[in-house]
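The file target_26.txt comes next; it holds compact mmCIF, C-alpha atoms and all ligand atoms.
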# COMPACT_ATOMS: atom_id res chain seq x y z
CA MET A 173 18.68 -24.78 5.42
CA PRO A 174 21.48 -23.83 7.89
CA LYS A 175 20.31 -22.63 11.30
CA VAL A 176 19.78 -18.88 11.11
CA SER A 177 21.18 -16.62 13.79
CA ASN A 178 18.48 -15.28 16.09
CA PRO A 179 20.22 -13.12 18.70
CA PRO A 180 18.60 -13.30 22.14
CA PRO A 181 17.29 -10.13 23.78
CA ASP A 182 19.55 -8.18 26.11
CA PRO A 183 17.56 -7.78 29.34
CA ALA A 184 20.35 -5.60 30.78
CA ALA A 185 20.25 -3.09 27.88
CA ASP A 186 20.57 0.49 29.13
CA PRO A 187 17.28 2.35 28.89
CA VAL A 188 16.69 5.16 26.45
CA ILE A 189 15.26 8.23 28.23
CA VAL A 190 12.58 10.33 26.53
CA ASN A 191 11.40 13.79 27.62
CA ARG A 192 7.84 14.69 28.64
CA ARG A 193 6.68 15.26 25.09
CA GLY A 194 8.12 11.91 23.94
CA ALA A 195 6.56 10.12 26.94
CA ALA A 196 3.18 11.76 26.23
CA ARG A 197 3.28 10.54 22.61
CA LEU A 198 4.02 6.96 23.68
CA THR A 199 1.37 7.04 26.39
CA ALA A 200 -1.19 8.30 23.84
CA GLY A 201 -0.46 5.24 21.65
CA HIS A 202 1.95 6.66 19.06
CA PRO A 203 4.90 4.25 18.64
CA TRP A 204 7.47 6.86 17.52
CA VAL A 205 9.59 9.40 19.39
CA TYR A 206 11.70 11.83 17.38
CA ARG A 207 15.41 12.36 18.13
CA SER A 208 14.72 15.85 19.52
CA ASP A 209 12.59 14.30 22.30
CA VAL A 210 15.22 11.78 23.38
CA VAL A 211 17.31 12.79 26.39
CA SER A 212 19.84 9.95 26.57
CA ARG A 213 20.32 7.18 24.10
CA PRO A 214 22.56 4.16 23.45
CA GLU A 215 25.63 4.63 21.24
CA ALA A 216 24.55 1.99 18.74
CA PRO A 217 21.19 0.86 17.30
CA ARG A 218 19.54 -1.77 19.50
CA PHE A 219 16.32 -2.88 21.14
CA ALA A 220 16.17 -1.20 24.55
CA PRO A 221 13.74 -0.35 27.33
CA VAL A 222 12.26 3.17 27.26
CA HIS A 223 11.96 5.29 30.41
CA ASP A 224 10.62 8.76 31.08
CA GLU A 225 12.81 11.29 32.88
CA ARG A 226 11.54 10.11 36.25
CA GLY A 227 12.58 6.53 35.50
CA ARG A 228 9.08 5.22 34.78
CA PRO A 229 9.14 2.33 32.26
CA LEU A 230 7.31 2.89 28.97
CA GLY A 231 7.97 -0.40 27.20
CA TRP A 232 10.61 -1.66 24.74
CA ALA A 233 11.57 -0.09 21.43
CA ALA A 234 13.89 -0.22 18.45
CA VAL A 235 16.29 2.62 19.22
CA ASN A 236 18.55 4.19 16.62
CA PRO A 237 20.51 7.23 17.84
CA SER A 238 21.38 8.35 14.30
CA SER A 239 17.83 8.21 12.92
CA GLU A 240 15.31 11.08 12.94
CA ILE A 241 12.77 8.57 14.30
CA ALA A 242 15.03 7.55 17.18
CA VAL A 243 12.52 5.37 19.07
CA ARG A 244 10.02 2.95 17.50
CA ARG A 245 8.16 1.19 20.27
CA VAL A 246 7.40 -2.52 19.90
CA HIS A 247 5.28 -2.95 23.04
CA ALA A 248 4.43 -1.19 26.30
CA GLY A 249 5.37 -4.12 28.54
CA ALA A 250 8.51 -5.24 30.36
CA GLU A 251 9.49 -8.22 28.16
CA PRO A 252 12.90 -7.62 26.52
CA VAL A 253 12.58 -7.61 22.73
CA GLY A 254 14.53 -10.29 20.84
CA GLY A 255 13.93 -12.72 18.00
CA GLU A 256 11.19 -14.55 19.88
CA THR A 257 9.14 -11.38 20.41
CA LEU A 258 9.54 -10.39 16.77
CA VAL A 259 8.64 -13.81 15.37
CA ARG A 260 5.55 -13.79 17.63
CA ALA A 261 4.54 -10.38 16.20
CA LEU A 262 5.09 -11.82 12.72
CA ASP A 263 2.84 -14.79 13.53
CA ARG A 264 0.10 -12.42 14.68
CA ALA A 265 0.41 -10.36 11.50
CA LEU A 266 0.11 -13.54 9.41
CA ASP A 267 -2.85 -14.81 11.49
CA HIS A 268 -4.66 -11.54 10.71
CA ARG A 269 -3.97 -11.87 6.96
CA GLU A 270 -5.17 -15.48 7.00
CA ARG A 271 -8.45 -14.37 8.55
CA LEU A 272 -8.84 -11.60 5.96
CA MET A 273 -8.08 -13.95 3.09
CA ALA A 274 -10.76 -16.37 4.29
CA ASP A 275 -13.41 -13.66 4.84
CA PRO A 276 -15.51 -12.88 1.75
CA ALA A 277 -16.51 -9.53 3.34
CA SER A 278 -12.87 -8.32 3.47
CA GLY A 279 -12.85 -7.54 -0.25
CA ILE A 280 -9.48 -9.28 -0.67
CA ALA A 281 -10.41 -12.93 -0.08
CA GLY A 282 -8.43 -15.23 -2.32
CA ASP A 283 -6.06 -12.53 -3.67
CA GLU A 284 -2.57 -13.82 -4.43
CA GLY A 285 -1.09 -10.33 -3.97
CA VAL A 286 -1.26 -9.47 -0.25
CA ARG A 287 0.49 -7.22 2.25
CA LEU A 288 1.53 -9.66 4.98
CA VAL A 289 3.36 -7.19 7.24
CA HIS A 290 2.63 -3.46 7.49
CA ALA A 291 5.60 -2.30 9.58
CA ASP A 292 4.91 -0.50 12.88
CA ALA A 293 1.15 -1.03 12.46
CA ASP A 294 1.93 -4.75 12.97
CA ALA A 295 4.45 -4.04 15.79
CA LEU A 296 7.39 -4.80 13.48
CA PRO A 297 9.37 -1.55 13.17
CA GLY A 298 10.10 -0.60 9.56
CA LEU A 299 9.34 -4.10 8.18
CA VAL A 300 7.10 -4.47 5.12
CA VAL A 301 6.36 -7.82 3.48
CA ASP A 302 4.28 -8.20 0.32
CA ARG A 303 3.33 -11.56 -1.14
CA PHE A 304 2.98 -12.03 -4.89
CA GLY A 305 2.01 -15.63 -5.60
CA ASP A 306 4.82 -17.82 -4.26
CA VAL A 307 7.29 -14.96 -3.81
CA LEU A 308 7.70 -12.60 -0.86
CA VAL A 309 9.25 -9.14 -1.17
CA VAL A 310 10.71 -7.68 2.03
CA GLN A 311 11.57 -4.05 2.80
CA SER A 312 13.29 -3.23 6.07
CA ALA A 313 14.18 0.19 7.40
CA SER A 314 15.06 -0.16 11.08
CA ALA A 315 18.70 -0.73 12.08
CA PRO A 316 17.92 -2.60 15.36
CA LEU A 317 15.75 -5.09 13.43
CA GLU A 318 18.55 -5.90 10.96
CA PRO A 319 20.25 -8.70 13.01
CA TYR A 320 16.88 -10.50 13.27
CA LEU A 321 16.03 -10.42 9.55
CA GLY A 322 17.41 -13.93 8.99
CA ALA A 323 15.15 -15.40 11.69
CA LEU A 324 12.14 -13.45 10.41
CA VAL A 325 12.72 -14.57 6.80
CA GLU A 326 13.09 -18.19 7.93
CA ALA A 327 9.79 -17.97 9.84
CA LEU A 328 8.08 -16.26 6.89
CA ALA A 329 9.22 -18.89 4.40
CA ALA A 330 8.23 -21.75 6.74
CA ARG A 331 4.77 -20.37 7.45
CA THR A 332 3.85 -19.23 3.91
CA GLY A 333 5.59 -21.94 1.86
CA ALA A 334 7.10 -19.21 -0.35
CA THR A 335 9.57 -20.47 -2.95
CA GLY A 336 11.60 -17.25 -2.90
CA VAL A 337 12.13 -14.18 -0.73
CA LEU A 338 13.61 -10.99 -2.16
CA GLY A 339 15.07 -8.17 -0.03
CA ARG A 340 14.26 -4.79 -1.61
CA PHE A 341 16.77 -2.93 0.51
CA ASP A 342 17.02 0.04 -1.87
CA SER A 343 14.76 2.63 -0.23
CA SER A 344 15.87 6.07 0.89
CA ALA A 345 14.41 5.22 4.33
CA ARG A 346 17.34 2.80 4.79
CA GLU A 347 19.83 5.54 4.02
CA ARG A 348 18.18 7.71 6.68
CA GLU A 349 18.65 4.81 9.15
CA GLY A 350 22.34 4.55 8.25
CA LEU A 351 21.81 1.14 6.59
CA THR A 352 23.41 -0.15 3.39
CA THR A 353 21.23 -0.40 0.29
CA ASP A 354 20.94 -3.28 -2.18
CA VAL A 355 18.48 -5.76 -3.68
CA ARG A 356 19.19 -9.44 -2.98
CA VAL A 357 17.63 -12.87 -2.68
CA LEU A 358 17.17 -13.79 0.99
CA ALA A 359 15.81 -17.32 0.42
CA GLY A 360 15.02 -19.70 -2.46
CA HIS A 361 14.76 -18.38 -6.01
CA VAL A 362 13.20 -15.16 -7.31
CA GLY A 363 12.68 -14.75 -11.07
CA GLU A 364 12.75 -11.56 -13.10
CA ARG A 365 8.96 -11.46 -13.15
CA VAL A 366 6.41 -13.00 -10.81
CA ALA A 367 2.88 -13.94 -11.91
CA PHE A 368 -0.15 -13.93 -9.62
CA VAL A 369 -3.93 -13.69 -9.83
CA ALA A 370 -5.99 -11.07 -8.02
CA GLY A 371 -9.69 -10.37 -8.41
CA GLY A 372 -9.83 -12.56 -11.52
CA LEU A 373 -7.01 -10.68 -13.32
CA ALA A 374 -3.74 -12.34 -14.31
CA LEU A 375 -1.09 -9.90 -13.04
CA GLU A 376 2.71 -9.76 -13.05
CA VAL A 377 5.27 -7.75 -11.10
CA ASP A 378 8.95 -7.05 -11.50
CA PRO A 379 10.00 -7.51 -7.85
CA TRP A 380 13.61 -6.48 -8.63
CA ARG A 381 13.04 -3.14 -10.31
CA GLY A 382 9.33 -2.24 -9.93
CA GLN A 383 8.36 0.74 -7.75
CA LYS A 384 8.24 -0.03 -3.98
CA THR A 385 7.88 -3.84 -3.74
CA GLY A 386 6.77 -4.12 -7.38
CA ALA A 387 3.06 -3.22 -7.10
CA PHE A 388 0.77 -0.90 -5.15
CA LEU A 389 -1.49 -3.32 -3.28
CA ASP A 390 -3.11 -0.66 -1.10
CA GLN A 391 -5.49 0.54 -3.85
CA ARG A 392 -6.82 -2.74 -5.17
CA VAL A 393 -10.14 -2.66 -3.27
CA ASN A 394 -10.66 1.00 -4.24
CA ALA A 395 -10.00 0.12 -7.90
CA ARG A 396 -12.85 -2.40 -7.70
CA ARG A 397 -15.07 0.25 -6.08
CA LEU A 398 -14.42 2.64 -8.96
CA ALA A 399 -14.88 -0.14 -11.52
CA ALA A 400 -18.48 -0.53 -10.34
CA TYR A 401 -19.15 2.72 -12.29
CA ALA A 402 -17.06 1.86 -15.35
CA HIS A 403 -18.61 2.49 -18.75
CA GLY A 404 -17.99 4.69 -21.79
CA ARG A 405 -14.70 6.63 -21.74
CA GLY A 406 -12.16 6.01 -18.97
CA LEU A 407 -9.00 7.82 -17.85
CA ASP A 408 -6.38 6.36 -15.45
CA VAL A 409 -4.01 9.15 -14.41
CA PHE A 410 -0.82 8.06 -12.57
CA SER A 411 -1.61 4.56 -13.81
CA TYR A 412 1.67 2.73 -13.04
CA GLY A 413 1.02 -0.85 -14.27
CA GLY A 414 -2.73 -0.23 -14.69
CA GLY A 415 -3.96 -1.06 -11.16
CA PHE A 416 -7.09 1.01 -11.82
CA GLY A 417 -7.18 0.85 -15.62
CA LEU A 418 -7.34 -2.96 -15.80
CA ARG A 419 -10.31 -2.96 -13.42
CA LEU A 420 -12.02 -0.17 -15.37
CA ALA A 421 -11.63 -2.18 -18.56
CA ARG A 422 -12.94 -5.36 -16.90
CA GLY A 423 -15.87 -3.66 -15.08
CA ALA A 424 -17.36 -4.92 -11.80
CA ASP A 425 -20.65 -5.46 -9.98
CA GLY A 426 -22.70 -5.27 -13.14
CA ALA A 427 -20.82 -2.30 -14.71
CA PRO A 428 -19.84 -3.28 -18.26
CA GLY A 429 -16.33 -1.80 -18.21
CA VAL A 430 -15.08 1.14 -20.26
CA ARG A 431 -15.14 0.99 -24.04
CA GLU A 432 -12.23 3.45 -24.45
CA LEU A 433 -9.36 4.03 -22.02
CA GLU A 434 -6.26 6.22 -21.66
CA LEU A 435 -3.45 5.56 -19.18
CA VAL A 436 -1.16 8.43 -18.18
CA ASP A 437 2.17 7.97 -16.37
CA THR A 438 5.67 9.41 -16.73
CA SER A 439 7.15 5.92 -16.51
CA ALA A 440 7.32 4.40 -20.02
CA SER A 441 8.32 1.01 -18.55
CA ALA A 442 5.25 1.00 -16.26
CA LEU A 443 3.05 1.73 -19.29
CA GLN A 444 4.65 -1.13 -21.23
CA GLN A 445 3.94 -3.49 -18.31
CA ALA A 446 0.37 -2.22 -18.28
CA ALA A 447 0.02 -2.90 -22.03
CA ALA A 448 1.28 -6.47 -21.50
CA ALA A 449 -1.25 -6.96 -18.69
CA PHE A 450 -4.15 -5.81 -20.90
CA GLU A 451 -3.05 -8.27 -23.58
CA ARG A 452 -2.60 -11.12 -21.07
CA ASN A 453 -6.16 -10.60 -19.84
CA GLY A 454 -7.69 -10.36 -23.31
CA LEU A 455 -8.63 -6.69 -22.79
CA PRO A 456 -8.40 -4.09 -25.60
CA ARG A 457 -5.12 -2.18 -25.63
CA PRO A 458 -5.61 1.26 -24.02
CA ARG A 459 -4.11 4.49 -25.31
CA LEU A 460 -0.74 4.93 -23.49
CA GLU A 461 0.35 8.47 -22.72
CA ALA A 462 3.89 8.74 -21.31
CA SER A 463 3.44 12.31 -20.07
CA ASP A 464 3.43 14.51 -17.04
CA ALA A 465 -0.08 14.20 -15.58
CA PHE A 466 -0.48 17.93 -14.93
CA ALA A 467 0.34 18.76 -18.56
CA ARG A 468 -1.84 15.96 -19.93
CA LEU A 469 -4.88 17.01 -17.87
CA ARG A 470 -4.41 20.62 -18.99
CA ALA A 471 -4.26 19.44 -22.63
CA LEU A 472 -7.38 17.28 -22.23
CA ASP A 473 -9.21 20.23 -20.67
CA ALA A 474 -8.18 22.54 -23.53
CA GLU A 475 -9.25 19.88 -26.06
CA ARG A 476 -12.64 19.50 -24.37
CA ARG A 477 -13.18 23.27 -24.53
CA SER A 478 -12.24 23.56 -28.20
CA VAL A 479 -14.18 20.55 -29.50
CA ARG A 480 -16.88 20.51 -26.77
CA GLY A 481 -16.23 16.76 -26.41
CA PRO A 482 -18.32 14.48 -24.21
CA GLY A 483 -15.80 14.20 -21.35
CA PHE A 484 -14.80 11.05 -19.45
CA ASP A 485 -17.31 8.80 -17.69
CA VAL A 486 -14.83 7.46 -15.15
CA ILE A 487 -11.47 8.84 -13.99
CA SER A 488 -8.84 7.67 -11.50
CA LEU A 489 -6.33 10.12 -10.03
CA ASP A 490 -3.66 8.36 -7.96
CA PRO A 491 -0.59 10.63 -7.66
CA PRO A 492 2.50 9.83 -5.59
CA ALA A 493 2.59 11.56 -2.17
CA LEU A 494 2.72 15.28 -3.02
CA ALA A 495 3.44 16.21 0.63
CA LYS A 496 6.34 14.05 1.77
CA ARG A 497 7.09 16.53 4.60
CA ARG A 498 4.84 18.81 6.62
CA ARG A 499 6.53 21.87 5.14
CA ASP A 500 5.41 20.76 1.63
CA LEU A 501 1.73 21.10 2.60
CA ASP A 502 0.92 24.40 0.85
CA ARG A 503 2.54 23.30 -2.39
CA ALA A 504 0.88 19.88 -2.13
CA TYR A 505 -2.56 21.46 -1.61
CA ALA A 506 -2.06 23.50 -4.78
CA GLY A 507 -0.93 20.38 -6.68
CA TYR A 508 -3.88 18.25 -5.56
CA LYS A 509 -6.26 21.11 -6.34
CA GLU A 510 -4.87 21.59 -9.85
CA LEU A 511 -5.17 17.86 -10.62
CA ASN A 512 -8.70 17.54 -9.25
CA LEU A 513 -9.92 20.78 -10.81
CA ARG A 514 -8.81 19.63 -14.28
CA ALA A 515 -10.18 16.12 -13.73
CA LEU A 516 -13.58 17.52 -12.67
CA LYS A 517 -13.61 19.75 -15.73
CA VAL A 518 -13.16 16.81 -18.09
CA LEU A 519 -15.66 14.59 -16.24
CA ALA A 520 -18.92 13.93 -18.14
CA PRO A 521 -22.25 14.72 -16.42
CA GLY A 522 -22.98 11.75 -14.13
CA GLY A 523 -19.34 10.65 -14.46
CA VAL A 524 -17.37 9.32 -11.46
CA LEU A 525 -13.94 10.43 -10.24
CA GLY A 526 -11.94 8.19 -7.88
CA THR A 527 -9.41 10.57 -6.35
CA SER A 528 -6.57 9.63 -4.01
CA SER A 529 -3.95 11.06 -1.70
CA CYS A 530 -1.26 8.87 -0.14
CA SER A 531 0.30 11.77 1.82
CA PHE A 532 -0.30 11.09 5.50
CA HIS A 533 0.34 14.82 6.17
CA VAL A 534 -2.87 15.54 4.21
CA SER A 535 -5.77 14.50 6.46
CA GLU A 536 -9.04 13.24 5.03
CA GLU A 537 -10.69 16.50 6.17
CA ASP A 538 -8.06 18.64 4.39
CA PHE A 539 -8.37 16.51 1.26
CA VAL A 540 -12.15 16.93 1.20
CA THR A 541 -11.76 20.71 1.76
CA MET A 542 -9.40 20.76 -1.24
CA LEU A 543 -12.01 18.85 -3.28
CA GLU A 544 -14.69 21.40 -2.31
CA ASP A 545 -12.37 24.15 -3.45
CA ALA A 546 -11.56 22.38 -6.74
CA ALA A 547 -15.23 21.60 -7.47
CA ALA A 548 -16.24 25.22 -6.78
CA ASP A 549 -13.56 26.52 -9.16
CA ALA A 550 -14.53 23.92 -11.78
CA GLY A 551 -18.20 24.91 -11.40
CA ARG A 552 -19.23 21.29 -10.74
CA ALA A 553 -21.72 19.99 -8.17
CA CYS A 554 -20.67 16.59 -6.90
CA ARG A 555 -22.21 13.75 -4.94
CA VAL A 556 -19.85 11.97 -2.51
CA LEU A 557 -20.32 8.28 -3.20
CA GLY A 558 -17.89 7.22 -0.48
CA ARG A 559 -14.67 7.91 1.42
CA PHE A 560 -12.24 5.06 1.94
CA GLY A 561 -8.72 4.19 3.11
CA ALA A 562 -6.22 1.50 2.15
CA ALA A 563 -7.10 -2.18 1.62
CA PRO A 564 -7.61 -4.03 4.94
CA ASP A 565 -4.26 -5.85 4.75
CA HIS A 566 -2.68 -2.38 5.31
CA PRO A 567 -4.08 -1.94 8.83
CA GLU A 568 -4.40 1.37 10.60
CA ARG A 569 -2.94 1.43 14.10
CA LEU A 570 -4.95 3.46 16.60
CA GLY A 571 -3.07 6.59 17.71
CA PHE A 572 -0.62 6.31 14.78
CA PRO A 573 -1.84 8.65 12.01
CA GLU A 574 1.11 7.69 9.78
CA SER A 575 -0.61 4.30 9.34
CA ARG A 576 -3.73 6.07 7.98
CA TYR A 577 -1.96 7.59 5.01
CA LEU A 578 -4.31 6.83 2.13
CA THR A 579 -7.51 8.75 1.36
CA PHE A 580 -9.71 7.70 -1.56
CA VAL A 581 -12.87 9.64 -2.38
CA LEU A 582 -15.47 8.65 -4.98
CA LEU A 583 -17.18 11.73 -6.44
CA GLN A 584 -19.99 11.78 -9.00
CA ALA A 585 -20.72 14.86 -11.09
CA ILE A 586 -24.40 15.56 -10.38
CA ASP A 587 -24.86 17.44 -13.67
C1 LIG A 601 0.95 5.85 -6.43
S1 LIG A 601 1.63 5.36 -7.95
C2 LIG A 601 0.22 4.89 -8.88
C3 LIG A 601 -0.26 3.49 -8.59
C4 LIG A 601 -1.33 2.96 -9.53
N1 LIG A 601 -2.45 3.85 -9.66
C5 LIG A 601 -1.77 1.58 -9.10
O1 LIG A 601 -2.88 1.45 -8.53
O2 LIG A 601 -1.01 0.63 -9.31
C6 LIG A 601 2.07 6.88 -8.68
C7 LIG A 601 2.52 6.81 -10.14
O3 LIG A 601 2.67 8.15 -10.60
C8 LIG A 601 3.73 8.20 -11.54
N2 LIG A 601 4.14 9.62 -11.61
C9 LIG A 601 4.88 10.33 -10.72
N3 LIG A 601 4.91 11.64 -11.07
C10 LIG A 601 4.17 11.75 -12.20
C11 LIG A 601 3.78 12.84 -13.03
N4 LIG A 601 4.17 14.10 -12.75
N5 LIG A 601 3.00 12.61 -14.11
C12 LIG A 601 2.57 11.35 -14.39
N6 LIG A 601 2.91 10.27 -13.64
C13 LIG A 601 3.67 10.46 -12.55
C14 LIG A 601 4.75 7.20 -11.03
O4 LIG A 601 5.55 6.71 -12.10
C15 LIG A 601 3.83 6.12 -10.43
O5 LIG A 601 3.60 5.12 -11.38

How does this structure look as structure tokens?
Ligand SMILES: C[S@@+](CC[C@H](N)C(=O)[O-])C[C@H]1O[C@@H](n2cnc3c(N)ncnc32)[C@H](O)[C@@H]1O
Amino acid sequence: MPKVSNPPPDPAADPVIVNRRGAARLTAGHPWVYRSDVVSRPEAPRFAPVHDERGRPLGWAAVNPSSEIAVRRVHAGAEPVGGETLVRALDRALDHRERLMADPASGIAGDEGVRLVHADADALPGLVVDRFGDVLVVQSASAPLEPYLGALVEALAARTGATGVLGRFDSSAREREGLTTDVRVLAGHVGERVAFVAGGLALEVDPWRGQKTGAFLDQRVNARRLAAYAHGRGLDVFSYGGGFGLRLARGADGAPGVRELELVDTSASALQQAAAAFERNGLPRPRLEASDAFARLRALDAERRSVRGPGFDVISLDPPALAKRRRDLDRAYAGYKELNLRALKVLAPGGVLGTSSCSFHVSEEDFVTMLEDAAADAGRACRVLGRFGAAPDHPERLGFPESRYLTFVLLQAID
């Protein structure tokens, strides 16, 4: 492989100056400062030292004057950030994953689908790396990091032995950073579909066209938690490729698995992938419902009322982020409430609902308040079986609430 460019740091880079509010955020442990809290900034994206208005140093950061998140701090020290610093951060992220993969208590030991790098929570601004078997899928959304991608990919391939690395550079976050968008092979060979095994299931992703990097790895431990209650009739709403549904069909921890299952998603191609996965794993084909989840839950509720049916014994609700921005919160609350209210209405007595929010603007407390509201309106009394976050390879960074974006609550209808 030709030697990849790995630009050295620029110790003489002009500092970026942040106001009191920006300095207070950094001092409290949050890595980001918004453009409105930056007083002076470089003309072009670069790694630069950060100072407060009195000239006190606050570390080094990826600085992009044209991005809303203008400062993404890498560390609080004095060492100029260059390829060496970034590859060291990458090594630490990979060390952590290796420990998790070897620890039976992590819940993800031995999985071949793993999040190797979780962006700013691993001190790598905007960089996400997911591993599916021998293939790595990279997303990058920080302009100052861009010149170092070659060095990072080389280090990733060398350390993991991956046979192919794909750049999924097609997210709207890149547009907001002023970066070009495309999808391209960064190293080796990447096929149309990539097979891997996780939790005893033979899975496949489409790394080129699938949502995000191809699969949602953050929910796989929660899917196993819900599967521990799987029996009778199951419903996987917002199923994508069947992350929850496959587990519900397989069962876990002594639960036999559901005998009947419906998957609901607007994406017909995701449902087709799910159907192929059920077949590959020798599981009965579920009912596939290519519908809007709100409409489908309303229809199931109406059906239950007219025929007085038995309801579902296990349900997963895993919508996309309904509050992408803070100003969406009221509408998002109403959306989550409507979904959960309908789901609780169609839940059988003793049935279990695994309900999720991946909107970081919706705190766990707010989500539970919404669930109280929905349960009261549905006239259901519920036992909280547990509250959880994302799988441990999606680490939360202390002081950085954006890294604690996923809430998963297991509720059981008491009667
Ligand atoms: C967070 S992903 C679900 C991930 C999945 N549960 C898993 O574990 O792999 C959200 C899914 O919701 C689907 N979706 C978005 N809006 C929808 C709607 N209004 N009705 C049904 N599905 C929707 C998307 O196609 C996507 O597959």

Neighbours of ligand LIG 601 (chain A) at 6 Å or closer, counting only C-alpha atoms and all ligand atoms: which residues, as JSON, numbers by chain?
{"A": [388, 391, 410, 411, 412, 413, 414, 415, 416, 437, 438, 439, 463, 464, 465, 490, 491, 492]}

Only C-alpha atoms, please: the residues just picked out, written as an mmCIF file, in the frame of the given file.
data_model
loop_
_atom_site.group_PDB
_atom_site.id
_atom_site.type_symbol
_atom_site.label_atom_id
_atom_site.label_comp_id
_atom_site.auth_asym_id
_atom_site.auth_seq_id
_atom_site.Cartn_x
_atom_site.Cartn_y
_atom_site.Cartn_z
ATOM 1 C CA PHE A 388 0.770 -0.900 -5.150
ATOM 2 C CA GLN A 391 -5.490 0.540 -3.850
ATOM 3 C CA PHE A 410 -0.820 8.060 -12.570
ATOM 4 C CA SER A 411 -1.610 4.560 -13.810
ATOM 5 C CA TYR A 412 1.670 2.730 -13.040
ATOM 6 C CA GLY A 413 1.020 -0.850 -14.270
ATOM 7 C CA GLY A 414 -2.730 -0.230 -14.690
ATOM 8 C CA GLY A 415 -3.960 -1.060 -11.160
ATOM 9 C CA PHE A 416 -7.090 1.010 -11.820
ATOM 10 C CA ASP A 437 2.170 7.970 -16.370
ATOM 11 C CA THR A 438 5.670 9.410 -16.730
ATOM 12 C CA SER A 439 7.150 5.920 -16.510
ATOM 13 C CA SER A 463 3.440 12.310 -20.070
ATOM 14 C CA ASP A 464 3.430 14.510 -17.040
ATOM 15 C CA ALA A 465 -0.080 14.200 -15.580
ATOM 16 C CA ASP A 490 -3.660 8.360 -7.960
ATOM 17 C CA PRO A 491 -0.590 10.630 -7.660
ATOM 18 C CA PRO A 492 2.500 9.830 -5.590
#

Which residues are close to stretch 325-333 of chain A, i.e. within 12 Å by only C-alpha atoms, leaving aside same-chain residues fewer than 3 positions away? Reply as a count of residues only.
53

At most 9 Å is the cut-off: for each residue in stretch 311-351 of chain A with any atom that close to an atom of stretch 206-230 of chain A, write down the nearest atom pair and the distance in Å rounded to one decimal, counting only C-alpha atoms, chain first then increasing number, as a Markdown table.
| residue | atom | partner | partner_atom | distance |
| --- | --- | --- | --- | --- |
| A:Ser314 | CA | A:Pro217 | CA | 8.8 |
| A:Ala315 | CA | A:Pro217 | CA | 6.0 |
| A:Pro316 | CA | A:Arg218 | CA | 4.5 |
| A:Leu317 | CA | A:Arg218 | CA | 7.9 |

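The space separating atom CA of A:Glu240 from atom CA of A:Leu570 comes to 22.0 Å.
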
When distances are computed from all atoms listed in the file, which of A:Arg392, A:Arg422, A:Arg271, A:Arg499 shows the smallest separation from A:Gly406?
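Checking each of A:Arg392, A:Arg422, A:Arg271, A:Arg499 against A:Gly406, counting all atoms listed in the file, the winner is A:Arg422.
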
I'd like the interatomic distance between atom CA of A:Ala493 and atom CA of A:Cys530, to a tenth of an Å.
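So the two atoms, atom CA of A:Ala493 and atom CA of A:Cys530, lie 5.1 Å apart.
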
Find the residues of stretch 436-492 of chain A that sit at most 7 Å from stretch 373-379 of chain A; for each, write down the nearest two atoms and how far apart they are in Å, to one decimal. Count only C-alpha atoms. Sort by chain, then by number going up, and give it as a Markdown table.
| residue | atom | partner | partner_atom | distance |
| --- | --- | --- | --- | --- |
| A:Ala449 | CA | A:Leu375 | CA | 6.4 |
| A:Arg452 | CA | A:Ala374 | CA | 7.0 |
| A:Asn453 | CA | A:Ala374 | CA | 6.3 |

Between atom CA of A:Thr541 and atom CA of A:Leu494, what distance in Å does the model show, to one decimal?
16.2 Å

So which one's closest to A:Arg348, A:Leu543, A:Ile241, A:Val190, A:Leu433? Using all atoms listed in the file, please.
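Smallest distance to A:Arg348 is found for A:Ile241.
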
Selection as a PyMOL selection string: residues within 6 Å of (-14.1, 9.4, -14.8), counting all atoms listed in the file:
chain A and resi 406+484-487+519+523-525

Contact residues around A:Arg480 with only C-alpha atoms at 12 Å, ignoring same-chain residues under 6 positions, as a ChimeraX atom specification
/A:472-474,517-518,520

For A:His533, which of A:Lys496, A:Arg431, A:Arg555, A:Arg365 is the closest residue, counting only C-alpha atoms?
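Residue with the minimum atom-to-atom distance to A:His533: A:Lys496.
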
Distance criterion (all atoms listed in the file): nearest to A:Leu469 out of A:Arg503, A:His403, A:Arg514, A:His290
A:Arg514

Will you model N, CA and C atoms for stretch 495-500 of chain A and pass it back as an mmCIF file, keeping the file's coordinate frame?
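Final file, out.cif:
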data_model
loop_
_atom_site.group_PDB
_atom_site.id
_atom_site.type_symbol
_atom_site.label_atom_id
_atom_site.label_comp_id
_atom_site.auth_asym_id
_atom_site.auth_seq_id
_atom_site.Cartn_x
_atom_site.Cartn_y
_atom_site.Cartn_z
ATOM 1 N N ALA A 495 2.871 15.591 -0.588
ATOM 2 C CA ALA A 495 3.440 16.210 0.630
ATOM 3 C C ALA A 495 4.221 15.140 1.375
ATOM 4 N N LYS A 496 5.522 15.056 1.070
ATOM 5 C CA LYS A 496 6.340 14.050 1.770
ATOM 6 C C LYS A 496 6.700 14.562 3.164
ATOM 7 N N ARG A 497 6.780 15.920 3.292
ATOM 8 C CA ARG A 497 7.090 16.530 4.600
ATOM 9 C C ARG A 497 6.021 17.566 4.913
ATOM 10 N N ARG A 498 5.869 17.853 6.215
ATOM 11 C CA ARG A 498 4.840 18.810 6.620
ATOM 12 C C ARG A 498 5.029 20.156 5.925
ATOM 13 N N ARG A 499 6.310 20.549 5.733
ATOM 14 C CA ARG A 499 6.530 21.870 5.140
ATOM 15 C C ARG A 499 6.144 21.930 3.654
ATOM 16 N N ASP A 500 5.844 20.766 3.043
ATOM 17 C CA ASP A 500 5.410 20.760 1.630
ATOM 18 C C ASP A 500 3.909 20.993 1.503
#
